[in-house]
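Pasting protein.tsv here (TSV, N, CA and C atoms):
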```tsv
chain	number	residue	atom	x	y	z
L	289	MET	N	25.59	9.21	19.86
L	289	MET	CA	25.23	10.37	20.66
L	289	MET	C	24.00	11.05	20.07
L	290	ARG	N	24.00	11.20	18.76
L	290	ARG	CA	22.88	11.86	18.11
L	290	ARG	C	21.59	11.08	18.38
L	291	ASP	N	21.66	9.75	18.32
L	291	ASP	CA	20.47	8.94	18.60
L	291	ASP	C	20.00	9.12	20.04
L	292	MET	N	20.93	9.23	20.98
L	292	MET	CA	20.53	9.44	22.38
L	292	MET	C	19.85	10.79	22.54
L	293	LEU	N	20.41	11.81	21.93
L	293	LEU	CA	19.83	13.15	22.04
L	293	LEU	C	18.46	13.23	21.38
L	294	ARG	N	18.28	12.47	20.32
L	294	ARG	CA	16.99	12.46	19.60
L	294	ARG	C	15.94	11.58	20.27
L	295	GLY	N	16.36	10.75	21.23
L	295	GLY	CA	15.39	9.92	21.95
L	295	GLY	C	15.22	8.53	21.38
L	296	LEU	N	16.10	8.10	20.49
L	296	LEU	CA	15.98	6.76	19.91
L	296	LEU	C	15.99	5.68	21.00
L	297	HIS	N	16.69	5.92	22.09
L	297	HIS	CA	16.82	4.93	23.15
L	297	HIS	C	15.99	5.25	24.38
L	298	LYS	N	15.03	6.18	24.27
L	298	LYS	CA	14.31	6.60	25.47
L	298	LYS	C	13.47	5.49	26.11
L	299	PHE	N	13.08	4.50	25.32
L	299	PHE	CA	12.27	3.40	25.88
L	299	PHE	C	13.11	2.21	26.27
L	300	GLY	N	14.40	2.33	26.07
L	300	GLY	CA	15.32	1.26	26.45
L	300	GLY	C	16.52	1.24	25.53
L	301	THR	N	17.61	0.78	26.07
L	301	THR	CA	18.85	0.78	25.32
L	301	THR	C	19.45	-0.61	25.35
L	302	PRO	N	20.25	-0.94	24.37
L	302	PRO	CA	20.85	-2.28	24.36
L	302	PRO	C	21.72	-2.53	25.59
L	303	ALA	N	21.74	-3.76	26.02
L	303	ALA	CA	22.62	-4.17	27.12
L	303	ALA	C	24.00	-4.42	26.53
L	304	MET	N	24.63	-3.33	26.13
L	304	MET	CA	25.90	-3.43	25.43
L	304	MET	C	26.88	-2.43	26.02
L	305	CYS	N	28.11	-2.87	26.15
L	305	CYS	CA	29.16	-2.05	26.73
L	305	CYS	C	30.15	-1.67	25.63
L	306	LEU	N	30.58	-0.42	25.65
L	306	LEU	CA	31.49	0.08	24.62
L	306	LEU	C	32.73	0.70	25.25
L	307	GLY	N	33.86	0.50	24.60
L	307	GLY	CA	35.06	1.18	25.01
L	307	GLY	C	34.98	2.62	24.52
L	308	MET	N	35.42	3.55	25.34
L	308	MET	CA	35.34	4.96	24.97
L	308	MET	C	36.69	5.64	25.11
L	309	VAL	N	36.98	6.51	24.15
L	309	VAL	CA	38.20	7.30	24.18
L	309	VAL	C	37.90	8.64	23.54
L	310	ASP	N	38.52	9.66	24.04
L	310	ASP	CA	38.35	11.00	23.49
L	310	ASP	C	39.25	11.13	22.27
L	311	VAL	N	38.74	11.74	21.23
L	311	VAL	CA	39.50	11.92	19.99
L	311	VAL	C	40.78	12.72	20.24
L	312	ARG	N	40.76	13.59	21.23
L	312	ARG	CA	41.97	14.35	21.56
L	312	ARG	C	43.07	13.43	22.09
L	313	ASP	N	42.67	12.37	22.81
L	313	ASP	CA	43.65	11.39	23.27
L	313	ASP	C	44.22	10.60	22.10
L	314	VAL	N	43.38	10.30	21.13
L	314	VAL	CA	43.83	9.57	19.95
L	314	VAL	C	44.84	10.41	19.18
L	315	ALA	N	44.54	11.69	19.02
L	315	ALA	CA	45.47	12.59	18.32
L	315	ALA	C	46.80	12.68	19.07
L	316	LYS	N	46.72	12.83	20.37
L	316	LYS	CA	47.95	12.92	21.18
L	316	LYS	C	48.75	11.63	21.08
L	317	ALA	N	48.08	10.49	21.09
L	317	ALA	CA	48.76	9.20	20.99
L	317	ALA	C	49.49	9.06	19.66
L	318	HIS	N	48.88	9.54	18.58
L	318	HIS	CA	49.55	9.49	17.28
L	318	HIS	C	50.83	10.32	17.29
L	319	VAL	N	50.77	11.50	17.86
L	319	VAL	CA	51.95	12.35	17.93
L	319	VAL	C	53.02	11.69	18.79
L	320	GLU	N	52.63	11.20	19.96
L	320	GLU	CA	53.59	10.57	20.87
L	320	GLU	C	54.21	9.32	20.24
L	321	ALA	N	53.42	8.54	19.54
L	321	ALA	CA	53.94	7.33	18.89
L	321	ALA	C	54.95	7.68	17.81
L	322	ALA	N	54.77	8.82	17.17
L	322	ALA	CA	55.69	9.24	16.12
L	322	ALA	C	57.01	9.76	16.67
L	323	ILE	N	57.00	10.32	17.87
L	323	ILE	CA	58.23	10.94	18.37
L	323	ILE	C	58.96	10.13	19.44
L	324	ARG	N	58.32	9.11	19.97
L	324	ARG	CA	58.97	8.30	21.01
L	324	ARG	C	59.63	7.07	20.39
L	325	PRO	N	60.92	6.90	20.59
L	325	PRO	CA	61.63	5.78	19.96
L	325	PRO	C	61.18	4.40	20.47
L	326	ASP	N	60.66	4.32	21.69
L	326	ASP	CA	60.24	3.04	22.25
L	326	ASP	C	58.78	2.70	21.94
L	327	ALA	N	58.12	3.52	21.15
L	327	ALA	CA	56.70	3.32	20.83
L	327	ALA	C	56.58	2.44	19.59
L	328	GLU	N	56.58	1.14	19.82
L	328	GLU	CA	56.46	0.19	18.72
L	328	GLU	C	55.19	-0.62	18.89
L	329	GLY	N	54.61	-1.02	17.78
L	329	GLY	CA	53.43	-1.88	17.82
L	329	GLY	C	52.14	-1.09	18.01
L	330	ARG	N	51.13	-1.80	18.41
L	330	ARG	CA	49.79	-1.20	18.59
L	330	ARG	C	49.57	-0.82	20.05
L	331	PHE	N	48.71	0.17	20.22
L	331	PHE	CA	48.37	0.64	21.55
L	331	PHE	C	46.86	0.66	21.70
L	332	LEU	N	46.40	0.23	22.86
L	332	LEU	CA	44.97	0.24	23.16
L	332	LEU	C	44.62	1.61	23.73
L	333	LEU	N	43.78	2.33	23.02
L	333	LEU	CA	43.39	3.67	23.46
L	333	LEU	C	41.93	3.63	23.91
L	334	VAL	N	41.74	3.32	25.16
L	334	VAL	CA	40.41	3.29	25.76
L	334	VAL	C	40.52	3.91	27.14
L	335	ALA	N	39.73	4.94	27.37
L	335	ALA	CA	39.75	5.58	28.69
L	335	ALA	C	38.97	4.74	29.70
L	336	ASP	N	37.84	4.20	29.24
L	336	ASP	CA	36.95	3.44	30.12
L	336	ASP	C	35.91	2.75	29.26
L	337	SER	N	35.15	1.87	29.86
L	337	SER	CA	34.02	1.27	29.13
L	337	SER	C	32.74	1.59	29.89
L	338	LYS	N	31.72	1.88	29.13
L	338	LYS	CA	30.41	2.23	29.69
L	338	LYS	C	29.33	1.54	28.88
L	339	THR	N	28.24	1.20	29.54
L	339	THR	CA	27.07	0.72	28.80
L	339	THR	C	26.31	1.93	28.27
L	340	PHE	N	25.43	1.69	27.33
L	340	PHE	CA	24.58	2.77	26.84
L	340	PHE	C	23.78	3.37	27.99
L	341	LEU	N	23.30	2.52	28.89
L	341	LEU	CA	22.52	3.00	30.04
L	341	LEU	C	23.37	3.88	30.95
L	342	GLU	N	24.60	3.47	31.22
L	342	GLU	CA	25.49	4.29	32.05
L	342	GLU	C	25.77	5.62	31.37
L	343	ALA	N	25.97	5.60	30.07
L	343	ALA	CA	26.20	6.85	29.33
L	343	ALA	C	24.98	7.76	29.47
L	344	GLY	N	23.79	7.19	29.34
L	344	GLY	CA	22.57	7.98	29.49
L	344	GLY	C	22.44	8.57	30.89
L	345	GLN	N	22.80	7.81	31.90
L	345	GLN	CA	22.73	8.30	33.27
L	345	GLN	C	23.70	9.45	33.49
L	346	ILE	N	24.91	9.32	32.96
L	346	ILE	CA	25.90	10.40	33.08
L	346	ILE	C	25.39	11.66	32.41
L	347	LEU	N	24.85	11.51	31.21
L	347	LEU	CA	24.36	12.67	30.47
L	347	LEU	C	23.16	13.32	31.18
L	348	ARG	N	22.27	12.53	31.73
L	348	ARG	CA	21.12	13.08	32.44
L	348	ARG	C	21.58	13.84	33.68
L	349	GLU	N	22.56	13.28	34.41
L	349	GLU	CA	23.07	13.95	35.60
L	349	GLU	C	23.73	15.29	35.25
L	350	ARG	N	24.44	15.34	34.15
L	350	ARG	CA	25.20	16.55	33.80
L	350	ARG	C	24.42	17.54	32.96
L	351	LEU	N	23.45	17.05	32.15
L	351	LEU	CA	22.71	17.94	31.25
L	351	LEU	C	21.24	18.10	31.64
L	352	GLY	N	20.79	17.34	32.62
L	352	GLY	CA	19.40	17.45	33.06
L	352	GLY	C	18.46	16.57	32.25
L	353	ASN	N	17.19	16.77	32.50
L	353	ASN	CA	16.15	15.94	31.86
L	353	ASN	C	15.60	16.54	30.58
L	354	LYS	N	16.27	17.53	30.04
L	354	LYS	CA	15.79	18.17	28.82
L	354	LYS	C	15.81	17.23	27.62
L	355	TYR	N	16.68	16.25	27.64
L	355	TYR	CA	16.82	15.30	26.54
L	355	TYR	C	16.38	13.91	27.00
L	356	PRO	N	15.84	13.11	26.08
L	356	PRO	CA	15.27	11.80	26.45
L	356	PRO	C	16.32	10.69	26.53
L	357	PHE	N	17.24	10.81	27.48
L	357	PHE	CA	18.27	9.81	27.64
L	357	PHE	C	17.66	8.51	28.17
L	358	PRO	N	18.25	7.37	27.84
L	358	PRO	CA	17.67	6.09	28.26
L	358	PRO	C	17.66	5.93	29.78
L	359	LYS	N	16.60	5.25	30.25
L	359	LYS	CA	16.46	5.00	31.68
L	359	LYS	C	16.37	3.51	31.99
L	360	SER	N	16.37	2.68	30.95
L	360	SER	CA	16.28	1.24	31.17
L	360	SER	C	17.01	0.50	30.05
L	361	THR	N	17.20	-0.78	30.28
L	361	THR	CA	17.87	-1.64	29.31
L	361	THR	C	16.84	-2.53	28.64
L	362	LEU	N	17.01	-2.73	27.35
L	362	LEU	CA	16.13	-3.62	26.61
L	362	LEU	C	16.42	-5.08	26.98
L	363	PRO	N	15.41	-5.92	26.98
L	363	PRO	CA	15.68	-7.35	27.13
L	363	PRO	C	16.55	-7.82	25.94
L	364	ASN	N	17.42	-8.79	26.19
L	364	ASN	CA	18.33	-9.24	25.14
L	364	ASN	C	17.60	-9.70	23.88
L	365	LEU	N	16.46	-10.36	24.03
L	365	LEU	CA	15.72	-10.82	22.84
L	365	LEU	C	15.32	-9.64	21.96
L	366	LEU	N	14.85	-8.57	22.58
L	366	LEU	CA	14.48	-7.38	21.83
L	366	LEU	C	15.72	-6.72	21.23
L	367	PHE	N	16.82	-6.76	21.94
L	367	PHE	CA	18.08	-6.24	21.43
L	367	PHE	C	18.49	-7.00	20.16
L	368	TYR	N	18.31	-8.31	20.16
L	368	TYR	CA	18.63	-9.10	18.97
L	368	TYR	C	17.83	-8.60	17.77
L	369	VAL	N	16.53	-8.42	17.96
L	369	VAL	CA	15.65	-8.00	16.86
L	369	VAL	C	16.00	-6.58	16.40
L	370	ILE	N	16.12	-5.65	17.34
L	370	ILE	CA	16.41	-4.27	16.99
L	370	ILE	C	17.82	-4.14	16.42
L	371	GLY	N	18.75	-4.90	16.96
L	371	GLY	CA	20.13	-4.86	16.47
L	371	GLY	C	20.22	-5.13	14.99
L	372	LEU	N	19.43	-6.07	14.52
L	372	LEU	CA	19.43	-6.39	13.09
L	372	LEU	C	18.95	-5.21	12.25
L	373	THR	N	17.98	-4.46	12.78
L	373	THR	CA	17.48	-3.30	12.02
L	373	THR	C	18.46	-2.14	12.04
L	374	GLN	N	19.42	-2.18	12.97
L	374	GLN	CA	20.41	-1.12	13.08
L	374	GLN	C	21.74	-1.49	12.42
L	375	GLY	N	21.74	-2.59	11.69
L	375	GLY	CA	22.94	-2.98	10.96
L	375	GLY	C	23.90	-3.88	11.72
L	376	LEU	N	23.50	-4.33	12.91
L	376	LEU	CA	24.35	-5.26	13.65
L	376	LEU	C	24.06	-6.69	13.21
L	377	THR	N	25.07	-7.51	13.17
L	377	THR	CA	24.87	-8.91	12.81
L	377	THR	C	24.53	-9.71	14.06
L	378	TRP	N	23.96	-10.91	13.85
L	378	TRP	CA	23.67	-11.80	14.97
L	378	TRP	C	24.94	-12.08	15.75
L	379	LYS	N	26.04	-12.24	15.03
L	379	LYS	CA	27.32	-12.56	15.68
L	379	LYS	C	27.74	-11.44	16.63
L	380	VAL	N	27.61	-10.19	16.19
L	380	VAL	CA	27.98	-9.05	17.03
L	380	VAL	C	27.06	-8.96	18.24
L	381	VAL	N	25.77	-9.09	18.04
L	381	VAL	CA	24.82	-9.00	19.15
L	381	VAL	C	25.06	-10.13	20.14
L	382	ARG	N	25.20	-11.35	19.63
L	382	ARG	CA	25.41	-12.51	20.49
L	382	ARG	C	26.69	-12.37	21.32
L	383	ALA	N	27.73	-11.83	20.72
L	383	ALA	CA	29.02	-11.68	21.41
L	383	ALA	C	29.03	-10.55	22.42
L	384	ASN	N	28.10	-9.59	22.30
L	384	ASN	CA	28.15	-8.40	23.15
L	384	ASN	C	26.97	-8.20	24.07
L	385	ALA	N	25.85	-8.79	23.79
L	385	ALA	CA	24.63	-8.55	24.58
L	385	ALA	C	24.82	-9.00	26.03
L	386	GLY	N	24.75	-8.04	26.92
L	386	GLY	CA	24.79	-8.34	28.34
L	386	GLY	C	26.16	-8.54	28.94
L	387	TYR	N	27.21	-8.37	28.15
L	387	TYR	CA	28.56	-8.59	28.65
L	387	TYR	C	29.25	-7.27	28.95
L	388	ARG	N	29.90	-7.24	30.08
L	388	ARG	CA	30.71	-6.08	30.47
L	388	ARG	C	32.11	-6.27	29.88
L	389	VAL	N	32.66	-5.23	29.31
L	389	VAL	CA	34.02	-5.32	28.78
L	389	VAL	C	34.93	-4.40	29.58
L	390	ALA	N	36.16	-4.82	29.70
L	390	ALA	CA	37.15	-4.02	30.40
L	390	ALA	C	38.43	-4.03	29.56
L	391	TYR	N	39.13	-2.94	29.56
L	391	TYR	CA	40.34	-2.80	28.77
L	391	TYR	C	41.49	-2.40	29.65
L	392	ASP	N	42.66	-2.87	29.29
L	392	ASP	CA	43.87	-2.50	30.00
L	392	ASP	C	44.64	-1.49	29.14
L	393	ASN	N	44.61	-0.24	29.54
L	393	ASN	CA	45.27	0.82	28.77
L	393	ASN	C	46.64	1.18	29.35
L	394	ALA	N	47.20	0.29	30.17
L	394	ALA	CA	48.47	0.58	30.85
L	394	ALA	C	49.59	0.90	29.85
L	395	ARG	N	49.66	0.17	28.75
L	395	ARG	CA	50.75	0.39	27.80
L	395	ARG	C	50.67	1.78	27.18
L	396	SER	N	49.49	2.24	26.83
L	396	SER	CA	49.37	3.59	26.25
L	396	SER	C	49.72	4.66	27.29
L	397	ARG	N	49.41	4.38	28.54
L	397	ARG	CA	49.76	5.34	29.60
L	397	ARG	C	51.26	5.34	29.86
L	398	GLU	N	51.83	4.15	29.95
L	398	GLU	CA	53.25	4.03	30.32
L	398	GLU	C	54.19	4.41	29.18
L	399	VAL	N	53.94	3.92	27.98
L	399	VAL	CA	54.86	4.15	26.86
L	399	VAL	C	54.62	5.50	26.19
L	400	LEU	N	53.34	5.86	26.01
L	400	LEU	CA	53.02	7.11	25.31
L	400	LEU	C	52.77	8.28	26.26
L	401	GLY	N	52.62	8.00	27.54
L	401	GLY	CA	52.37	9.07	28.49
L	401	GLY	C	50.97	9.64	28.42
L	402	ILE	N	50.04	8.86	27.91
L	402	ILE	CA	48.66	9.33	27.76
L	402	ILE	C	47.93	9.26	29.11
L	403	GLU	N	47.42	10.39	29.55
L	403	GLU	CA	46.52	10.44	30.70
L	403	GLU	C	45.13	10.66	30.11
L	404	HIS	N	44.40	9.59	29.98
L	404	HIS	CA	43.12	9.64	29.27
L	404	HIS	C	42.13	10.63	29.89
L	405	ILE	N	41.48	11.36	29.02
L	405	ILE	CA	40.37	12.22	29.44
L	405	ILE	C	39.26	11.28	29.90
L	406	PRO	N	38.66	11.51	31.06
L	406	PRO	CA	37.62	10.60	31.56
L	406	PRO	C	36.46	10.46	30.56
L	407	ALA	N	35.93	9.26	30.48
L	407	ALA	CA	34.81	8.99	29.57
L	407	ALA	C	33.63	9.92	29.86
L	408	GLU	N	33.41	10.23	31.12
L	408	GLU	CA	32.31	11.13	31.47
L	408	GLU	C	32.48	12.50	30.82
L	409	THR	N	33.70	13.01	30.85
L	409	THR	CA	33.99	14.31	30.24
L	409	THR	C	33.77	14.24	28.73
L	410	THR	N	34.26	13.18	28.12
L	410	THR	CA	34.10	13.00	26.68
L	410	THR	C	32.63	12.95	26.29
L	411	LEU	N	31.85	12.18	27.03
L	411	LEU	CA	30.41	12.06	26.73
L	411	LEU	C	29.71	13.41	26.81
L	412	VAL	N	29.94	14.13	27.88
L	412	VAL	CA	29.27	15.42	28.08
L	412	VAL	C	29.71	16.43	27.03
L	413	GLU	N	31.00	16.50	26.75
L	413	GLU	CA	31.48	17.46	25.76
L	413	GLU	C	30.99	17.11	24.35
L	414	GLN	N	30.92	15.81	24.05
L	414	GLN	CA	30.39	15.41	22.75
L	414	GLN	C	28.91	15.78	22.64
L	415	ALA	N	28.15	15.54	23.69
L	415	ALA	CA	26.72	15.90	23.67
L	415	ALA	C	26.55	17.40	23.49
L	416	LYS	N	27.31	18.18	24.23
L	416	LYS	CA	27.21	19.64	24.10
L	416	LYS	C	27.58	20.10	22.69
L	417	GLN	N	28.60	19.47	22.10
L	417	GLN	CA	28.98	19.83	20.73
L	417	GLN	C	27.86	19.51	19.76
L	418	GLN	N	27.23	18.36	19.92
L	418	GLN	CA	26.12	17.98	19.05
L	418	GLN	C	24.94	18.96	19.20
L	419	ILE	N	24.67	19.34	20.43
L	419	ILE	CA	23.57	20.28	20.70
L	419	ILE	C	23.86	21.62	20.02
L	420	GLU	N	25.08	22.11	20.18
L	420	GLU	CA	25.46	23.39	19.55
L	420	GLU	C	25.42	23.30	18.03
L	421	ALA	N	25.89	22.20	17.49
L	421	ALA	CA	25.88	22.04	16.03
L	421	ALA	C	24.44	22.03	15.51
L	422	HIS	N	23.54	21.41	16.26
L	422	HIS	CA	22.13	21.39	15.86
L	422	HIS	C	21.52	22.79	15.90
L	423	ARG	N	21.85	23.54	16.95
L	423	ARG	CA	21.36	24.92	17.07
L	423	ARG	C	21.87	25.78	15.92
L	424	ALA	N	23.13	25.60	15.54
L	424	ALA	CA	23.74	26.40	14.47
L	424	ALA	C	23.10	26.13	13.13
L	425	ARG	N	22.58	24.93	12.93
L	425	ARG	CA	21.94	24.59	11.64
L	425	ARG	C	20.54	25.17	11.51
L	426	ARG	N	19.96	25.58	12.59
L	426	ARG	CA	18.56	26.07	12.55
L	426	ARG	C	18.46	27.38	11.86
```

Taking this structure as input, can you express it in the form of structure tokens?
Amino acid sequence: MRDMLRGLHKFGTPAMCLGMVDVRDVAKAHVEAAIRPDAEGRFLLVADSKTFLEAGQILRERLGNKYPFPKSTLPNLLFYVIGLTQGLTWKVVRANAGYRVAYDNARSREVLGIEHIPAETTLVEQAKQQIEAHRARR
């Protein structure tokens, strides 16, 4: 988020999709898993998946053009090169570049009763928190 707000991706963003979940949902899931007798094993906590470009579009729609959110996707070859400079391995880039991911969160909803906060809400609230934190440090 900080990189998006600072404009690191303003000339293009990786063609990469990420699972997103609000930390409040994670906290609630931990509590529910501790108190529900049928909550055994692991639970997938993902509200939705978004690409970096989709996240940038959501943020631009909700926060305006004041911040340099991405407007395009980098070619995969450039993503490979830049990914290495950002600490990603070839294996990670190769496995994720250009692929859409989808998650089934039915078990966390059914067993834990989690109604996930929409990814759009999480993105916007996280951006606003980062903006406020930056203002407070000035």

Nearest to Ala321 (chain L), restricted to all atoms listed in the file and choosing among L:Val399, L:Gln374, L:Leu366, L:Arg382, comes out as L:Val399

What is the atom C of Ala421 (chain L)-atom N of Pro358 (chain L) distance in Å, reported with one decimal? 20.1 Å

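Nearest residue to Gln345 (chain L) among L:Arg324, L:His318, L:Lys298, L:Arg425 is L:Lys298, counting only C-alpha atoms.
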
Helix (DSSP H, G or I) per DSSP on the backbone: members of region 296-389 of chain L, as a PyMOL selection string: chain L and resi 311-323+340-351+364-373+378-384

Considering all atoms listed in the file, state which residue in the set L:Pro356, L:Glu320, L:Ser396, L:Glu349 is at the smallest distance from Leu333 (chain L). L:Ser396

Out of L:Met289, L:Ala303, L:Ile419, L:Ala327, which residue has the shortest atom-to-atom distance to Leu362 (chain L) when counting only N, CA and C atoms? L:Ala303

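Computed from the coordinates, the CA of Thr301 (chain L) to CA of Phe340 (chain L) distance equals 6.3 Å.
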
Which is closer to Gly307 (chain L) than all the others in L:Arg426, L:Lys338, L:Arg397, L:Arg348, using all atoms listed in the file?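 Of L:Arg426, L:Lys338, L:Arg397, L:Arg348, the one nearest Gly307 (chain L), counting all atoms listed in the file, is L:Lys338.
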
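Distance annotation: of L:Leu347, L:Leu372, L:Ala394, L:Ala385, the residue with the minimal separation from Met292 (chain L) is L:Leu347; atom set is only C-alpha atoms.
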
List the neighbours of Leu341 (chain L) out to 9 Å using only C-alpha atoms; skip same-chain residues closer than 2 positions along the sequence, and give me the result as a compact mmCIF listing (two decimals) with N, CA and C atoms, keeping the file's coordinate frame.
```
# COMPACT_ATOMS: atom_id res chain seq x y z
N GLY L 300 14.40 2.33 26.07
CA GLY L 300 15.32 1.26 26.45
C GLY L 300 16.52 1.24 25.53
N THR L 301 17.61 0.78 26.07
CA THR L 301 18.85 0.78 25.32
C THR L 301 19.45 -0.61 25.35
N PRO L 302 20.25 -0.94 24.37
CA PRO L 302 20.85 -2.28 24.36
C PRO L 302 21.72 -2.53 25.59
N ALA L 303 21.74 -3.76 26.02
CA ALA L 303 22.62 -4.17 27.12
C ALA L 303 24.00 -4.42 26.53
N MET L 304 24.63 -3.33 26.13
CA MET L 304 25.90 -3.43 25.43
C MET L 304 26.88 -2.43 26.02
N CYS L 305 28.11 -2.87 26.15
CA CYS L 305 29.16 -2.05 26.73
C CYS L 305 30.15 -1.67 25.63
N LYS L 338 31.72 1.88 29.13
CA LYS L 338 30.41 2.23 29.69
C LYS L 338 29.33 1.54 28.88
N THR L 339 28.24 1.20 29.54
CA THR L 339 27.07 0.72 28.80
C THR L 339 26.31 1.93 28.27
N ALA L 343 25.97 5.60 30.07
CA ALA L 343 26.20 6.85 29.33
C ALA L 343 24.98 7.76 29.47
N GLY L 344 23.79 7.19 29.34
CA GLY L 344 22.57 7.98 29.49
C GLY L 344 22.44 8.57 30.89
N GLN L 345 22.80 7.81 31.90
CA GLN L 345 22.73 8.30 33.27
C GLN L 345 23.70 9.45 33.49
N ILE L 346 24.91 9.32 32.96
CA ILE L 346 25.90 10.40 33.08
C ILE L 346 25.39 11.66 32.41
N PHE L 357 17.24 10.81 27.48
CA PHE L 357 18.27 9.81 27.64
C PHE L 357 17.66 8.51 28.17
N PRO L 358 18.25 7.37 27.84
CA PRO L 358 17.67 6.09 28.26
C PRO L 358 17.66 5.93 29.78
N LYS L 359 16.60 5.25 30.25
CA LYS L 359 16.46 5.00 31.68
C LYS L 359 16.37 3.51 31.99
N SER L 360 16.37 2.68 30.95
CA SER L 360 16.28 1.24 31.17
C SER L 360 17.01 0.50 30.05
N THR L 361 17.20 -0.78 30.28
CA THR L 361 17.87 -1.64 29.31
C THR L 361 16.84 -2.53 28.64
```

For region 333-346 of chain L, I'd like the enclosing box, axis-aligned and padded by 4 Å on every side, reported as JSON with centre and edge lengths in Å to one decimal.
```
{"center_x": 33.1, "center_y": 6.2, "center_z": 28.3, "size_x": 29.3, "size_y": 18.9, "size_z": 18.5}
```

If I take atom N of Glu403 (chain L) and CA of Asp313 (chain L), how far is one from the other in Å, to one decimal? 7.4 Å

Skipping near chain neighbours, those fewer than 3 positions away, what residues fall within 6.5 Å of Val309 (chain L) using only N, CA and C atoms, listed as a PyMOL selection string? chain L and resi 312-314+333-336+407

Suppose we keep N, CA and C atoms; can you now write the selection as an mmCIF file, in the coordinates of the input?
```cif
data_model
loop_
_atom_site.group_PDB
_atom_site.id
_atom_site.type_symbol
_atom_site.label_atom_id
_atom_site.label_comp_id
_atom_site.auth_asym_id
_atom_site.auth_seq_id
_atom_site.Cartn_x
_atom_site.Cartn_y
_atom_site.Cartn_z
ATOM 1 N N ARG L 312 40.760 13.590 21.230
ATOM 2 C CA ARG L 312 41.970 14.350 21.560
ATOM 3 C C ARG L 312 43.070 13.430 22.090
ATOM 4 N N ASP L 313 42.670 12.370 22.810
ATOM 5 C CA ASP L 313 43.650 11.390 23.270
ATOM 6 C C ASP L 313 44.220 10.600 22.100
ATOM 7 N N VAL L 314 43.380 10.300 21.130
ATOM 8 C CA VAL L 314 43.830 9.570 19.950
ATOM 9 C C VAL L 314 44.840 10.410 19.180
ATOM 10 N N LEU L 333 43.780 2.330 23.020
ATOM 11 C CA LEU L 333 43.390 3.670 23.460
ATOM 12 C C LEU L 333 41.930 3.630 23.910
ATOM 13 N N VAL L 334 41.740 3.320 25.160
ATOM 14 C CA VAL L 334 40.410 3.290 25.760
ATOM 15 C C VAL L 334 40.520 3.910 27.140
ATOM 16 N N ALA L 335 39.730 4.940 27.370
ATOM 17 C CA ALA L 335 39.750 5.580 28.690
ATOM 18 C C ALA L 335 38.970 4.740 29.700
ATOM 19 N N ASP L 336 37.840 4.200 29.240
ATOM 20 C CA ASP L 336 36.950 3.440 30.120
ATOM 21 C C ASP L 336 35.910 2.750 29.260
ATOM 22 N N ALA L 407 35.930 9.260 30.480
ATOM 23 C CA ALA L 407 34.810 8.990 29.570
ATOM 24 C C ALA L 407 33.630 9.920 29.860
#
```
